Protein chains: 2
Amino acid sequence: MADSTKTLLDESQMPRRWYNVLADLPSPPPPPLHPATLAPVGPDDLAPLFPMDLIAQEVSTDRYIDIPEEILDVYRLWRPTPLYRARRLEKALGTPARIYYKYEGVSPAGSHKPNTAVAQAYYNAKQGIGRLTTETGAGQWGSALAFACSKFGLDCEVWMVRASYDQKPHRRSIMEVWGATVHPSPSEVTEAGRKILADEPDSPGSLGIAISEAVEMAGKRDDTRYSLGSVLNHVLMHQTVIGEEALTQFAQAGETPDVIVGCTGGGSNFAGLFFPFLREKLAGRISPTIRAVEPTACPSFTRGRYTYDYGDTAGFTPLLKMHTLGHDFVPDPIHAGGLRYHGMSPLLSHMYELGLFEAVAKPQTECFAAGVQFARTEGIVPAPEPTHAIAAAIEEALRCKETGEEKVILTAMCGHGHFDLSAYDRYLSGQMEDFELSQERIDAALTRLPNPEV
Amino acid sequence: MADSTKTLLDESQMPRRWYNVLADLPSPPPPPLHPATLAPVGPDDLAPLFPMDLIAQEVSTDRYIDIPEEILDVYRLWRPTPLYRARRLEKALGTPARIYYKYEGVSPAGSHKPNTAVAQAYYNAKQGIGRLTTETGAGQWGSALAFACSKFGLDCEVWMVRASYDQKPHRRSIMEVWGATVHPSPSEVTEAGRKILADEPDSPGSLGIAISEAVEMAGKRDDTRYSLGSVLNHVLMHQTVIGEEALTQFAQAGETPDVIVGCTGGGSNFAGLFFPFLREKLAGRISPTIRAVEPTACPSFTRGRYTYDYGDTAGFTPLLKMHTLGHDFVPDPIHAGGLRYHGMSPLLSHMYELGLFEAVAKPQTECFAAGVQFARTEGIVPAPEPTHAIAAAIEEALRCKETGEEKVILTAMCGHGHFDLSAYDRYLSGQMEDFELSQERIDAALTRLPNPEV
């Protein structure tokens, strides 16, 4: 494999089970709590929103869960995904490090999101559900669910944050090509939406509002459930096909990673890549440094508090113990929309507290500089989110250049940037800014945490 | 392979030489002629525009030409490309036919165009050329050349038709991400552009004008050459890596194609797929029907005349013997911008006259209906151009449903539609129209053929 550019697997080498990291943790993450009673949320509380198979996966401690054949059949439309050796980037950097990236942009929706969207659509269809609702910000998740629903004959209804609906018409269009119905949020079709429009007819919307609308509609009809694209345990587990494939590919390439980097918004793409490597690390077979990369504009790991908070802005969801900047913290408008979430997956938050990985934060101009260098060397134009991982990989590779270390760096490249070119435009024309996030602003948002604090 | 979705090749199975169909034709195509002298155009006439290696390839009759290692190295960024079996589409159609598609959308630029762009950039760089100029309409070709130039340290200057420049800012942005300079055409930087702007300051531009500007700039500087994305013999030859891979993949899948379909604008993606299969057919090893699919709005094969005409609207190029609708014929504004060319590759035109393949024409609404059905079953959203091939594949598969024939259909899927979603929008909202092309309009354009007719 010495001179190869990428390591491809055959369909027969596709993982046939998901890896559940809960089985290997010394303690489970604290449970979600009912906001009124503060009692742990149980399966019955979740049944109106999720199908029973996914609720069972959410709390399972089985180490492996078999992937149903119907899901594997859809995964085969783009999986296994390639593992690339970034030889041209290495050469441009003049580093002795070897940089690999696992590329999920080959999925029809262009990101890692379909790995869980397909699973969620399948389990809902299996339970006889006819329709899924969800929210989407920039549109990556809505696209993935629209694609997945088209594979199992489910209707898909997406509430898309009004500002994105107007600014990213192509993301809306691709959801419609796959047959989804897309509402701008706030919308007239829900009580939550109507209430906001009554107060503010020109509301640009927010992810928090869109969640409220999608959840409201799911609760209203027996044939409808709600679908979430990150944060939850089962979502992170579905993404472990990424890491399982990468393990096989590293074995095939005769390599062992020394550093694993991935961007974190809700955490699913990073978790999907590193969980299987962590299993090997906990078993003493490898010893990579594992590093989350978040935006300086929304630094939940590096500057947030580990406490119970709401998952949404309006405070409708159960209380989740997580690294949070406060449920009504509104990040500055960086272009990596998928990383603009005030909280973090409770499972990843727990693991961070256990010291199982580290975290750094990057400003967006450094990330876009990395994205452009990546595009000009490796060809692929990355989405704004994975440019954070690329920036961290480049930083590590340049450190190796100084020390002479031949480290092997594995980078999570979770999607392409074909729908994000206006952001590159701003960067290349010198109009992109970085934002200073003052401690006062974080502290102010954290004073509005749910009361009583648990 | 019975249950597989796709057939992947290893990098070691990548073709290491291009196939030159000229070696296997009973007669060569008529040569291009100098418009003033009507003498065949020779290498010296072309040297100001193209590097010598490409001029040599243009007239070579060697059956195979080795692909330099430097080009293979870049091809490895996305090649070999997958061959898919469209099982979900087959099922939706209820056909006994087996539909395969060779997918070129996995390249960084999203189409088959980099196969030749990389080769052209390499040979120019090898000759010490520092800059390439080209024109682009919708942006597929300009993107491919921008990507390719970034791999060999060449400057790339693209004249993009003003209407597209304004309507498709993301296509411009991706070229700039790869480091290209993009001018709206007509531009102030060329004499040809200034002349047109003087008469018509708001000119929306045309491919013909953009060609004139790119050619003018290439002629002005010794370090600059011009690059063309289709039509020429060497361009079609570079694309044969598609068909060579598909031949290997069919052998691996244990299949033989009965029908091969591909869309034709200038002809390079169709030629790239079928030339290697034609070689096998001429050798008596297989016997597929080979079918070009063109838009009814620009039907050069099915309604054009086979005669000498200019390659550009303004009449600056040599005279080319080809199927043409007249060099100043302006096709109705269908969304498949890559198929809106008044002429056809002279090589393909000659082969059509020899009866080596057949041609049909399709209206765009039928093609977009096929594109949406493809997206909802197979996942990938095709570019408007290959929806023509998909529509023809579906037509053939439905014919098989009636007759019960288990034909094997091979479809050229030359690119994704991530930059063409406004066209899908128009289709889904019922606003897309088909155009009637009257015989009077064709006849009128053909009265303006160059005089004397040769």
# chains A, B, ... in the order shown; residues from 1 in each chain; ligands from 1
>>> select_by_dssp(residues="region 176-242 of chain A", states="strand (DSSP E)", output="CSV table (one decimal) with C-alpha atoms, in the first residue's frame")
chain,number,residue,atom,x,y,z
A,181,THR,CA,-42.0,18.5,2.6
A,182,VAL,CA,-40.0,21.5,3.8
A,183,HIS,CA,-41.5,24.2,6.0
A,184,PRO,CA,-39.7,27.5,6.8
A,185,SER,CA,-39.6,27.7,10.6
A,224,THR,CA,-45.7,10.2,13.2
A,225,ARG,CA,-42.5,10.2,15.1
A,226,TYR,CA,-39.6,12.6,15.6
>>> closest_atom_pairs(of="chain A", to="chain B", cutoff="7 Å", atoms="only C-alpha atoms", output="JSON lines")
{"residue": "A:Thr5", "atom": "CA", "partner": "B:Arg76", "partner_atom": "CA", "distance": 6.1}
{"residue": "A:Arg76", "atom": "CA", "partner": "B:Thr5", "partner_atom": "CA", "distance": 6.1}
{"residue": "A:Leu77", "atom": "CA", "partner": "B:Thr5", "partner_atom": "CA", "distance": 6.5}
{"residue": "A:Pro108", "atom": "CA", "partner": "B:Ile380", "partner_atom": "CA", "distance": 5.0}
{"residue": "A:Phe147", "atom": "CA", "partner": "B:Gly379", "partner_atom": "CA", "distance": 6.6}
{"residue": "A:Ser150", "atom": "CA", "partner": "B:Arg376", "partner_atom": "CA", "distance": 5.8}
{"residue": "A:Lys151", "atom": "CA", "partner": "B:Thr377", "partner_atom": "CA", "distance": 6.8}
{"residue": "A:His170", "atom": "CA", "partner": "B:Leu421", "partner_atom": "CA", "distance": 5.5}
{"residue": "A:Ser173", "atom": "CA", "partner": "B:Asp425", "partner_atom": "CA", "distance": 5.9}
{"residue": "A:Ile174", "atom": "CA", "partner": "B:Leu421", "partner_atom": "CA", "distance": 6.7}
{"residue": "A:Val177", "atom": "CA", "partner": "B:Val372", "partner_atom": "CA", "distance": 6.1}
{"residue": "A:Trp178", "atom": "CA", "partner": "B:Arg376", "partner_atom": "CA", "distance": 5.2}
{"residue": "A:Val372", "atom": "CA", "partner": "B:Val177", "partner_atom": "CA", "distance": 6.1}
{"residue": "A:Ala375", "atom": "CA", "partner": "B:Trp178", "partner_atom": "CA", "distance": 6.4}
{"residue": "A:Arg376", "atom": "CA", "partner": "B:Trp178", "partner_atom": "CA", "distance": 5.2}
{"residue": "A:Thr377", "atom": "CA", "partner": "B:Lys151", "partner_atom": "CA", "distance": 6.8}
{"residue": "A:Gly379", "atom": "CA", "partner": "B:Pro108", "partner_atom": "CA", "distance": 5.5}
{"residue": "A:Ile380", "atom": "CA", "partner": "B:Pro108", "partner_atom": "CA", "distance": 5.0}
{"residue": "A:His418", "atom": "CA", "partner": "B:His418", "partner_atom": "CA", "distance": 6.7}
{"residue": "A:Leu421", "atom": "CA", "partner": "B:His170", "partner_atom": "CA", "distance": 5.5}
{"residue": "A:Ser422", "atom": "CA", "partner": "B:His170", "partner_atom": "CA", "distance": 6.7}
{"residue": "A:Asp425", "atom": "CA", "partner": "B:Ser173", "partner_atom": "CA", "distance": 5.8}
>>> residues_around(residues="Tyr306 (chain B)", least_positions_apart="4", cutoff="7 Å", atoms="only C-alpha atoms", output="ChimeraX atom specification")
/B:321-324
>>> write_last_selection(atoms="N, CA and C atoms", output="PDB file, in the first residue's frame")
ATOM      1  N   LYS B 321     -15.653  19.081 -39.822  1.00  0.00           N
ATOM      2  CA  LYS B 321     -16.743  18.308 -40.429  1.00  0.00           C
ATOM      3  C   LYS B 321     -17.482  17.587 -39.317  1.00  0.00           C
ATOM      4  N   MET B 322     -18.728  17.962 -39.135  1.00  0.00           N
ATOM      5  CA  MET B 322     -19.475  17.432 -37.983  1.00  0.00           C
ATOM      6  C   MET B 322     -20.973  17.581 -38.213  1.00  0.00           C
ATOM      7  N   HIS B 323     -21.742  16.914 -37.348  1.00  0.00           N
ATOM      8  CA  HIS B 323     -23.178  17.144 -37.347  1.00  0.00           C
ATOM      9  C   HIS B 323     -23.414  18.477 -36.671  1.00  0.00           C
ATOM     10  N   THR B 324     -24.045  19.383 -37.391  1.00  0.00           N
ATOM     11  CA  THR B 324     -24.199  20.747 -36.868  1.00  0.00           C
ATOM     12  C   THR B 324     -25.598  21.261 -37.149  1.00  0.00           C
TER      13      THR B 324
END
>>> select_by_dssp(residues="region 113-332 of chain B", states="helix (DSSP H, G or I)", output="ChimeraX atom specification")
/B:114-126,140-152,162-167,169-177,191-199,207-220,233-238,240-253,268-282,300-303
>>> residues_around(residues="Tyr352 (chain B)", least_positions_apart="6", cutoff="9 Å", atoms="only C-alpha atoms", output="count of residues only")
3
